[in-house]
$ cat structure39.txt   # compact mmCIF, C-alpha atoms
# COMPACT_ATOMS: atom_id res chain seq x y z
CA MET R 1091 -13.62 10.26 21.95
CA ALA R 1092 -10.44 9.04 20.28
CA ARG R 1093 -8.51 6.34 22.10
CA ARG R 1094 -4.72 6.69 22.08
CA THR R 1095 -4.18 2.95 22.47
CA LEU R 1096 -5.82 2.44 19.06
CA SER R 1097 -3.93 5.28 17.29
CA GLN R 1098 -7.23 7.00 16.51
CA ASN R 1099 -7.19 10.33 14.69
CA PHE R 1100 -10.60 10.87 13.12
CA LEU R 1101 -10.82 12.55 9.73
CA ALA R 1102 -12.95 15.64 10.34
CA ASP R 1103 -12.43 17.83 7.25
CA PRO R 1104 -15.10 17.24 4.55
CA ALA R 1105 -12.72 18.41 1.82
CA ALA R 1106 -10.11 15.85 2.89
CA VAL R 1107 -12.76 13.13 2.99
CA ALA R 1108 -13.81 14.03 -0.57
CA ARG R 1109 -10.19 13.90 -1.75
CA LEU R 1110 -9.74 10.43 -0.33
CA VAL R 1111 -12.93 9.21 -1.99
CA ARG R 1112 -11.84 10.63 -5.36
CA ALA R 1113 -8.44 8.94 -5.03
CA ALA R 1114 -10.09 5.61 -4.13
CA ARG R 1115 -12.33 5.68 -7.23
CA PRO R 1116 -14.84 3.13 -5.84
CA ARG R 1117 -16.63 0.98 -8.40
CA PRO R 1118 -20.42 1.35 -8.23
CA ASP R 1119 -20.78 -2.40 -8.75
CA GLY R 1120 -17.90 -3.38 -6.46
CA LEU R 1121 -17.13 -4.54 -2.95
CA LEU R 1122 -15.28 -2.02 -0.81
CA ILE R 1123 -13.68 -2.50 2.61
CA GLU R 1124 -13.02 0.33 5.03
CA VAL R 1125 -10.45 -0.22 7.78
CA GLY R 1126 -11.23 1.61 11.00
CA ALA R 1127 -14.57 3.28 10.30
CA GLY R 1128 -14.27 5.42 13.43
CA GLN R 1129 -17.22 7.80 13.68
CA GLY R 1130 -18.32 7.15 10.09
CA ALA R 1131 -17.32 10.30 8.21
CA LEU R 1132 -15.50 8.41 5.47
CA THR R 1133 -18.05 5.59 5.55
CA GLU R 1134 -20.79 8.14 4.82
CA ALA R 1135 -18.91 9.44 1.81
CA LEU R 1136 -17.97 6.03 0.42
CA ALA R 1137 -21.35 4.32 0.78
CA PRO R 1138 -23.10 5.89 -2.24
CA HIS R 1139 -20.29 4.84 -4.57
CA CYS R 1140 -20.18 1.07 -4.13
CA ARG R 1141 -22.48 -1.95 -4.22
CA GLU R 1142 -21.38 -3.20 -0.79
CA LEU R 1143 -19.28 -1.62 1.95
CA LEU R 1144 -17.79 -3.59 4.82
CA ALA R 1145 -16.81 -1.11 7.51
CA TYR R 1146 -14.44 -2.70 10.04
CA GLU R 1147 -14.15 -1.15 13.48
CA ILE R 1148 -12.20 -2.65 16.37
CA ASP R 1149 -13.36 -0.18 19.05
CA ARG R 1150 -16.46 -1.57 20.74
CA HIS R 1151 -17.38 1.91 21.97
CA LEU R 1152 -17.86 3.14 18.40
CA VAL R 1153 -19.72 0.19 16.91
CA PRO R 1154 -23.24 0.95 18.28
CA GLY R 1155 -23.12 4.49 16.94
CA LEU R 1156 -21.93 3.30 13.52
CA ARG R 1157 -24.67 0.68 13.30
CA ALA R 1158 -27.30 3.21 14.27
CA ARG R 1159 -25.99 5.75 11.76
CA PHE R 1160 -26.11 3.29 8.85
CA ALA R 1161 -29.14 1.26 9.86
CA ASP R 1162 -31.07 2.51 6.83
CA ARG R 1163 -28.18 1.80 4.41
CA PRO R 1164 -28.47 -1.89 3.43
CA GLN R 1165 -25.24 -1.73 1.41
CA VAL R 1166 -23.23 -0.87 4.56
CA ARG R 1167 -22.30 -3.60 7.02
CA VAL R 1168 -20.45 -2.58 10.17
CA VAL R 1169 -18.12 -5.36 11.29
CA HIS R 1170 -16.88 -5.32 14.89
CA GLN R 1171 -13.58 -7.07 14.34
CA ASP R 1172 -9.89 -6.46 14.03
CA PHE R 1173 -9.44 -6.06 10.28
CA LEU R 1174 -6.07 -7.81 10.41
CA ALA R 1175 -7.79 -10.98 11.64
CA ALA R 1176 -10.25 -10.97 8.76
CA ARG R 1177 -10.00 -13.34 5.81
CA PRO R 1178 -9.75 -11.58 2.45
CA PRO R 1179 -12.90 -11.86 0.33
CA ARG R 1180 -12.90 -14.47 -2.41
CA VAL R 1181 -14.22 -11.96 -4.92
CA PRO R 1182 -12.49 -8.82 -6.25
CA PHE R 1183 -12.52 -5.99 -3.71
CA ALA R 1184 -10.87 -2.68 -2.91
CA VAL R 1185 -9.80 -1.08 0.37
CA ALA R 1186 -10.13 2.57 1.37
CA ALA R 1187 -9.21 3.84 4.81
CA ASN R 1188 -7.86 6.46 7.15
CA VAL R 1189 -5.55 3.92 8.75
CA PRO R 1190 -4.33 4.03 12.35
CA TYR R 1191 -0.72 5.19 12.06
CA GLY R 1192 0.57 2.52 14.40
CA ARG R 1193 -0.87 -0.29 12.27
CA THR R 1194 -0.03 0.99 8.80
CA ALA R 1195 2.68 -1.54 7.97
CA ASP R 1196 0.50 -4.48 9.02
CA ILE R 1197 -2.49 -3.22 7.03
CA VAL R 1198 -0.37 -2.72 3.91
CA ALA R 1199 1.07 -6.22 4.31
CA TRP R 1200 -2.45 -7.67 4.61
CA CYS R 1201 -3.47 -5.89 1.41
CA LEU R 1202 -0.46 -7.11 -0.53
CA ARG R 1203 -1.16 -10.71 0.52
CA ALA R 1204 -4.85 -10.63 -0.49
CA PRO R 1205 -5.10 -12.40 -3.85
CA ARG R 1206 -8.31 -10.66 -5.00
CA LEU R 1207 -7.44 -7.11 -3.90
CA THR R 1208 -7.69 -4.67 -6.79
CA SER R 1209 -6.56 -1.50 -5.01
CA ALA R 1210 -5.94 0.03 -1.59
CA THR R 1211 -6.22 3.78 -1.02
CA LEU R 1212 -4.84 4.60 2.41
CA LEU R 1213 -4.43 7.80 4.37
CA THR R 1214 -1.12 7.27 6.16
CA GLN R 1215 1.58 9.34 7.81
CA LEU R 1216 3.09 11.57 5.14
CA GLU R 1217 6.58 10.19 5.70
CA TYR R 1218 5.35 6.63 5.15
CA ALA R 1219 3.56 7.52 1.92
CA ARG R 1220 6.55 9.40 0.56
CA LYS R 1221 8.97 6.65 1.55
CA ARG R 1222 6.95 4.02 -0.28
CA THR R 1223 6.59 6.09 -3.47
CA GLY R 1224 10.14 7.37 -3.95
CA GLY R 1225 9.31 10.82 -2.64
CA TYR R 1226 12.77 11.29 -1.14
CA GLY R 1227 14.57 10.02 -4.23
CA ARG R 1228 14.96 6.69 -2.42
CA TRP R 1229 13.04 3.44 -2.82
CA SER R 1230 12.17 0.86 -0.18
CA LEU R 1231 12.51 -2.90 -0.39
CA LEU R 1232 8.74 -3.39 -0.06
CA THR R 1233 7.96 -1.12 -2.99
CA VAL R 1234 10.65 -2.49 -5.32
CA ARG R 1235 9.85 -6.11 -4.47
CA SER R 1236 6.13 -5.73 -5.19
CA TRP R 1237 6.45 -3.34 -8.16
CA PRO R 1238 5.87 -5.93 -10.93
CA GLU R 1239 2.41 -6.60 -9.48
CA PHE R 1240 1.49 -3.31 -7.78
CA GLU R 1241 1.82 0.33 -8.68
CA TRP R 1242 2.55 2.58 -5.68
CA ARG R 1243 1.45 6.18 -6.06
CA MET R 1244 1.19 9.27 -3.85
CA CYS R 1245 -2.15 10.99 -4.49
CA GLY R 1246 -1.83 14.07 -2.31
CA ARG R 1247 -1.09 15.52 1.08
CA VAL R 1248 -3.58 16.10 3.91
CA GLY R 1249 -2.66 18.58 6.63
CA ARG R 1250 -2.70 17.57 10.27
CA GLN R 1251 -5.50 20.05 11.03
CA ALA R 1252 -7.93 17.83 9.10
CA PHE R 1253 -7.97 15.35 12.02
CA ARG R 1254 -9.38 15.25 15.52
CA PRO R 1255 -7.46 15.01 17.72
CA VAL R 1256 -4.80 16.81 15.72
CA PRO R 1257 -1.76 14.53 15.19
CA ARG R 1258 1.83 15.74 15.20
CA VAL R 1259 2.40 15.21 11.47
CA ASP R 1260 0.65 15.63 8.13
CA SER R 1261 -0.71 12.67 6.17
CA GLY R 1262 -0.43 11.42 2.62
CA ILE R 1263 -2.89 9.58 0.39
CA LEU R 1264 -1.14 6.39 -0.69
CA ARG R 1265 -2.64 4.26 -3.45
CA LEU R 1266 -1.62 0.70 -4.26
CA GLU R 1267 -3.16 -0.64 -7.44
CA ARG R 1268 -2.81 -4.18 -8.71
CA ARG R 1269 -1.67 -4.21 -12.31
CA ALA R 1270 -4.05 -5.77 -14.82
CA ARG R 1271 -1.03 -7.62 -16.17
CA PRO R 1272 2.14 -8.07 -14.09
CA LEU R 1273 5.28 -6.47 -15.48
CA ILE R 1274 7.02 -9.84 -15.12
CA GLU R 1275 5.09 -12.82 -16.47
CA GLY R 1276 4.85 -16.06 -14.54
CA ALA R 1277 5.11 -16.90 -10.85
CA PRO R 1278 8.60 -18.49 -11.13
CA ALA R 1279 10.00 -15.39 -12.85
CA ARG R 1280 8.45 -13.08 -10.25
CA ALA R 1281 9.93 -15.23 -7.48
CA ALA R 1282 13.35 -14.95 -9.16
CA TYR R 1283 12.90 -11.16 -9.32
CA ARG R 1284 12.04 -10.98 -5.62
CA ASP R 1285 15.09 -13.08 -4.75
CA LEU R 1286 17.34 -10.72 -6.72
CA VAL R 1287 15.81 -7.67 -5.05
CA GLU R 1288 16.21 -9.13 -1.56
CA LEU R 1289 19.83 -9.96 -2.33
CA GLY R 1290 20.37 -6.38 -3.51
CA PHE R 1291 18.91 -4.99 -0.30
CA SER R 1292 21.00 -7.31 1.89
CA GLY R 1293 23.65 -4.60 2.28
CA THR R 1294 26.67 -6.81 1.72
CA GLY R 1295 29.57 -4.81 0.30
CA GLY R 1296 27.96 -1.40 0.72
CA THR R 1297 26.75 -1.02 -2.88
CA LEU R 1298 24.08 -2.67 -4.99
CA PHE R 1299 26.72 -4.00 -7.40
CA ALA R 1300 28.69 -5.62 -4.58
CA SER R 1301 25.60 -7.25 -3.13
CA LEU R 1302 24.48 -8.72 -6.46
CA ARG R 1303 27.99 -9.78 -7.45
CA ARG R 1304 27.70 -12.69 -5.01
CA ALA R 1305 25.16 -14.38 -7.31
CA VAL R 1306 25.54 -12.78 -10.75
CA PRO R 1307 28.59 -13.07 -13.06
CA ALA R 1308 30.50 -9.79 -13.28
CA ARG R 1309 30.18 -9.40 -17.05
CA ARG R 1310 26.42 -9.88 -17.05
CA LEU R 1311 25.98 -7.64 -14.02
CA THR R 1312 28.08 -4.88 -15.61
CA GLU R 1313 25.90 -5.03 -18.72
CA GLY R 1314 22.75 -4.89 -16.57
CA PHE R 1315 23.97 -1.80 -14.77
CA ARG R 1316 24.84 -0.15 -18.08
CA ARG R 1317 21.40 -0.81 -19.56
CA ALA R 1318 19.66 0.37 -16.40
CA GLY R 1319 21.72 3.57 -16.24
CA LEU R 1320 23.17 2.67 -12.85
CA ALA R 1321 26.69 3.51 -11.70
CA GLN R 1322 28.51 0.63 -10.04
CA ASP R 1323 28.81 2.60 -6.81
CA THR R 1324 25.02 3.08 -6.55
CA VAL R 1325 23.57 2.46 -3.10
CA VAL R 1326 20.56 0.16 -3.35
CA ALA R 1327 17.95 2.70 -2.16
CA PHE R 1328 18.70 4.94 -5.16
CA ALA R 1329 17.81 2.31 -7.79
CA SER R 1330 14.27 2.94 -9.05
CA PRO R 1331 11.77 0.15 -9.77
CA ALA R 1332 12.14 0.76 -13.51
CA GLN R 1333 15.91 0.33 -13.22
CA TRP R 1334 15.42 -2.88 -11.23
CA LEU R 1335 13.23 -4.31 -13.99
CA THR R 1336 15.85 -3.53 -16.64
CA LEU R 1337 18.58 -4.99 -14.45
CA PHE R 1338 16.61 -8.18 -13.82
CA ARG R 1339 15.76 -8.71 -17.48
CA THR R 1340 19.43 -8.34 -18.37
CA VAL R 1341 20.96 -10.60 -15.73
CA ARG R 1342 18.10 -13.15 -15.87
CA PRO R 1343 16.93 -13.14 -19.52
CA ASP R 1344 15.66 -16.69 -19.07
CA ALA R 1345 13.31 -15.58 -16.28
CA GLY R 1346 12.24 -12.07 -17.27

$ encode --input "structure39.txt" --output "structure tokens"
Amino acid sequence: MARRTLSQNFLADPAAVARLVRAARPRPDGLLIEVGAGQGALTEALAPHCRELLAYEIDRHLVPGLRARFADRPQVRVVHQDFLAARPPRVPFAVAANVPYGRTADIVAWCLRAPRLTSATLLTQLEYARKRTGGYGRWSLLTVRSWPEFEWRMCGRVGRQAFRPVPRVDSGILRLERRARPLIEGAPARAAYRDLVELGFSGTGGTLFASLRRAVPARRLTEGFRRAGLAQDTVVAFASPAQWLTLFRTVRPDAG
């Protein structure tokens, strides 16, 4: 039985499970982490495709059934623990999960902080997935700030009827993939990029140009906007990650 306090909506449609596994692209020689194994439907589908699978489950009522179900699968280890309290592995690993809606932001933040994470393929609320991938023609601070190191991509939509109990909204398959080579080289340059992005999203002045003008000379900023194809009255949410990179490299040529 799903527990409302844990935001549990179990993935019950085999076709949706298969789509999530295809989007995750597990490595047969890799370590994979599943967040919120639930009743094990996704765990069952992921297990044959990886060397080791750590299936985290916080609900003590579900853990015995999971351990019994995978007792004969030595590559699967069911971990009764809050995933957010876990230390990231020290070796490369990927994450795949039907995440509890109420904990999505925290799980994404954990993934972005993990230095050896290679990818995270997450089934989230559709609105969250679209918001993070520019689906509304708008871009969020989190996506733009992390773009030099992570690609954010929407890999499909999953209807609400694929879950039990049925939630109120559809879901989206969100994939974060660490770039083999960051789009901005060097930790100091990436820190300078993040500072510029955070200043742009501060909201001062009502436009992106006005926000950045506090720290960037007008002539250089005007040239950056021209090269990026941005009008000076652009609101920050409508600047794409690609435009941000062009803008940064123009106003901070020493860093980018």

$ closest_atom_pairs --input "structure39.txt" --of "stretch 1106-1195 of chain R" --to "stretch 1218-1228 of chain R" --cutoff "12 Å" --atoms "only C-alpha atoms" --output "CSV"
residue,atom,partner,partner_atom,distance
R:Val1189,CA,R:Tyr1218,CA,11.8
R:Tyr1191,CA,R:Tyr1218,CA,9.3
R:Gly1192,CA,R:Tyr1218,CA,11.2
R:Arg1193,CA,R:Tyr1218,CA,11.7
R:Thr1194,CA,R:Tyr1218,CA,8.6
R:Ala1195,CA,R:Tyr1218,CA,9.0

$ write_last_selection --input "structure39.txt" --atoms "C-alpha atoms" --output "compact mmCIF listing (two decimals), in the coordinates of the input"
# COMPACT_ATOMS: atom_id res chain seq x y z
CA VAL R 1189 -5.55 3.92 8.75
CA TYR R 1191 -0.72 5.19 12.06
CA GLY R 1192 0.57 2.52 14.40
CA ARG R 1193 -0.87 -0.29 12.27
CA THR R 1194 -0.03 0.99 8.80
CA ALA R 1195 2.68 -1.54 7.97

$ closest_residue --input "structure39.txt" --among "R:Ala1305, R:Ala1158, R:Val1326, R:Leu1213" --to "R:Gly1126" --atoms "all atoms listed in the file"
R:Leu1213

$ residues_around --input "structure39.txt" --residues "R:Leu1212" --least-positions-apart "2" --cutoff "8 Å" --atoms "all atoms listed in the file" --output "list in words"
Val1185, Ala1186, Ala1187, Asn1188, Val1189, Ala1210, Thr1214, Ile1263, Leu1264 and Arg1265 of chain R

$ closest_residue --input "structure39.txt" --among "R:Ala1145, R:Ala1113, R:Leu1335, R:Leu1207" --to "R:Arg1235" --atoms "all atoms listed in the file"
R:Leu1335

$ atom_distance --input "structure39.txt" --atom1 "atom CA of R:Leu1144" --atom2 "atom CA of R:Arg1167"
5.0 Å

$ closest_residue --input "structure39.txt" --among "R:Ala1318, R:Val1153, R:Ala1270, R:Leu1302" --to "R:Val1287" --atoms "only C-alpha atoms"
R:Leu1302

$ closest_residue --input "structure39.txt" --among "R:Trp1242, R:Trp1237, R:Pro1178, R:Gln1129" --to "R:Thr1211" --atoms "only C-alpha atoms"
R:Trp1242

$ closest_residue --input "structure39.txt" --among "R:Pro1343, R:Gly1128, R:Gly1246, R:Pro1118" --to "R:Leu1152" --atoms "only C-alpha atoms"
R:Gly1128

$ atom_distance --input "structure39.txt" --atom1 "atom CA of R:Gly1155" --atom2 "atom CA of R:Pro1104"
19.5 Å

$ atom_distance --input "structure39.txt" --atom1 "atom CA of R:Ala1131" --atom2 "atom CA of R:Val1107"
7.5 Å

$ residues_around --input "structure39.txt" --residues "R:Ser1292" --least-positions-apart "6" --cutoff "12 Å" --atoms "all atoms listed in the file" --output "list in words"
Leu1231, Asp1285, Leu1286, Leu1298, Phe1299, Ala1300, Ser1301, Leu1302, Arg1303, Arg1304, Val1325, Val1326 and Ala1327 of chain R

$ residues_around --input "structure39.txt" --residues "R:Arg1206" --least-positions-apart "5" --cutoff "7 Å" --atoms "all atoms listed in the file" --output "VMD selection string"
chain R and resid 1180 to 1183

$ write_last_selection --input "structure39.txt" --atoms "C-alpha atoms" --output "PDB file, keeping the file's coordinate frame"
ATOM      1  CA  ARG R1180     -12.900 -14.470  -2.410  1.00  0.00           C
ATOM      2  CA  VAL R1181     -14.220 -11.960  -4.920  1.00  0.00           C
ATOM      3  CA  PRO R1182     -12.490  -8.820  -6.250  1.00  0.00           C
ATOM      4  CA  PHE R1183     -12.520  -5.990  -3.710  1.00  0.00           C
TER       5      PHE R1183
END

$ closest_residue --input "structure39.txt" --among "R:Gln1251, R:Gln1322, R:Ser1209, R:Thr1233" --to "R:Thr1297" --atoms "all atoms listed in the file"
R:Gln1322

$ residues_around --input "structure39.txt" --residues "R:Val1341" --least-positions-apart "2" --cutoff "8 Å" --atoms "only C-alpha atoms" --output "number ranges by chain"
R: 1306, 1310-1311, 1314, 1337-1339, 1343

$ decode --input "structure39.txt" --residues "stretch 1294-1325 of chain R" --atoms "N, CA and C atoms" --output "CSV table (one decimal), in the first residue's frame"
chain,number,residue,atom,x,y,z
R,1294,THR,N,17.1,42.5,-10.0
R,1294,THR,CA,17.3,43.9,-9.9
R,1294,THR,C,17.1,44.6,-11.2
R,1295,GLY,N,16.2,45.6,-11.3
R,1295,GLY,CA,16.0,46.4,-12.5
R,1295,GLY,C,14.9,45.8,-13.4
R,1296,GLY,N,14.5,44.6,-13.2
R,1296,GLY,CA,13.4,44.0,-14.0
R,1296,GLY,C,13.9,43.3,-15.3
R,1297,THR,N,15.1,43.6,-15.8
R,1297,THR,CA,15.6,42.9,-17.0
R,1297,THR,C,16.9,42.3,-16.7
R,1298,LEU,N,17.3,41.4,-17.6
R,1298,LEU,CA,18.7,40.8,-17.4
R,1298,LEU,C,19.8,41.8,-17.6
R,1299,PHE,N,19.6,42.7,-18.5
R,1299,PHE,CA,20.6,43.8,-18.8
R,1299,PHE,C,20.8,44.6,-17.6
R,1300,ALA,N,19.7,45.0,-17.0
R,1300,ALA,CA,19.7,45.9,-15.8
R,1300,ALA,C,20.4,45.2,-14.6
R,1301,SER,N,20.1,43.9,-14.4
R,1301,SER,CA,20.8,43.2,-13.3
R,1301,SER,C,22.3,43.1,-13.5
R,1302,LEU,N,22.7,42.8,-14.7
R,1302,LEU,CA,24.1,42.6,-15.0
R,1302,LEU,C,24.9,43.9,-15.1
R,1303,ARG,N,24.2,45.0,-15.4
R,1303,ARG,CA,24.8,46.3,-15.5
R,1303,ARG,C,25.5,46.7,-14.2
R,1304,ARG,N,25.1,46.2,-13.1
R,1304,ARG,CA,25.7,46.5,-11.8
R,1304,ARG,C,27.1,46.1,-11.7
R,1305,ALA,N,27.5,45.1,-12.5
R,1305,ALA,CA,28.9,44.5,-12.3
R,1305,ALA,C,29.6,44.5,-13.6
R,1306,VAL,N,29.0,44.8,-14.8
R,1306,VAL,CA,29.6,44.7,-16.1
R,1306,VAL,C,29.6,46.0,-16.8
R,1307,PRO,N,30.7,46.5,-17.3
R,1307,PRO,CA,30.6,47.8,-18.0
R,1307,PRO,C,29.6,47.8,-19.2
R,1308,ALA,N,29.0,48.9,-19.4
R,1308,ALA,CA,27.9,49.0,-20.4
R,1308,ALA,C,28.3,48.6,-21.8
R,1309,ARG,N,29.5,49.1,-22.2
R,1309,ARG,CA,29.9,48.7,-23.6
R,1309,ARG,C,30.1,47.3,-23.8
R,1310,ARG,N,30.8,46.6,-22.8
R,1310,ARG,CA,31.0,45.2,-22.9
R,1310,ARG,C,29.7,44.4,-22.8
R,1311,LEU,N,28.8,44.8,-21.9
R,1311,LEU,CA,27.6,44.1,-21.8
R,1311,LEU,C,26.7,44.3,-23.1
R,1312,THR,N,26.7,45.4,-23.7
R,1312,THR,CA,26.0,45.6,-24.9
R,1312,THR,C,26.5,44.7,-26.0
R,1313,GLU,N,27.8,44.6,-26.1
R,1313,GLU,CA,28.4,43.7,-27.1
R,1313,GLU,C,28.1,42.2,-26.8
R,1314,GLY,N,28.0,41.9,-25.5
R,1314,GLY,CA,27.7,40.5,-25.2
R,1314,GLY,C,26.2,40.2,-25.5
R,1315,PHE,N,25.3,41.1,-25.3
R,1315,PHE,CA,23.9,40.9,-25.7
R,1315,PHE,C,23.8,40.8,-27.2
R,1316,ARG,N,24.6,41.6,-27.9
R,1316,ARG,CA,24.5,41.5,-29.4
R,1316,ARG,C,25.0,40.2,-29.9
R,1317,ARG,N,26.1,39.7,-29.4
R,1317,ARG,CA,26.6,38.4,-29.8
R,1317,ARG,C,25.7,37.2,-29.5
R,1318,ALA,N,25.0,37.4,-28.3
R,1318,ALA,CA,24.1,36.3,-27.9
R,1318,ALA,C,22.7,36.4,-28.5
R,1319,GLY,N,22.5,37.5,-29.2
R,1319,GLY,CA,21.2,37.6,-29.9
R,1319,GLY,C,20.1,37.9,-28.8
R,1320,LEU,N,20.4,38.7,-27.8
R,1320,LEU,CA,19.5,39.1,-26.8
R,1320,LEU,C,19.1,40.5,-26.9
R,1321,ALA,N,17.9,40.9,-26.8
R,1321,ALA,CA,17.4,42.3,-26.7
R,1321,ALA,C,17.7,42.8,-25.3
R,1322,GLN,N,17.9,44.0,-25.2
R,1322,GLN,CA,18.3,44.6,-23.8
R,1322,GLN,C,17.1,44.6,-22.9
R,1323,ASP,N,15.9,44.4,-23.4
R,1323,ASP,CA,14.8,44.3,-22.5
R,1323,ASP,C,14.4,42.9,-22.2
R,1324,THR,N,15.3,41.9,-22.5
R,1324,THR,CA,15.0,40.5,-22.2
R,1324,THR,C,14.9,40.2,-20.7
R,1325,VAL,N,13.8,39.5,-20.3
R,1325,VAL,CA,13.7,39.1,-18.9
R,1325,VAL,C,14.5,37.8,-18.8
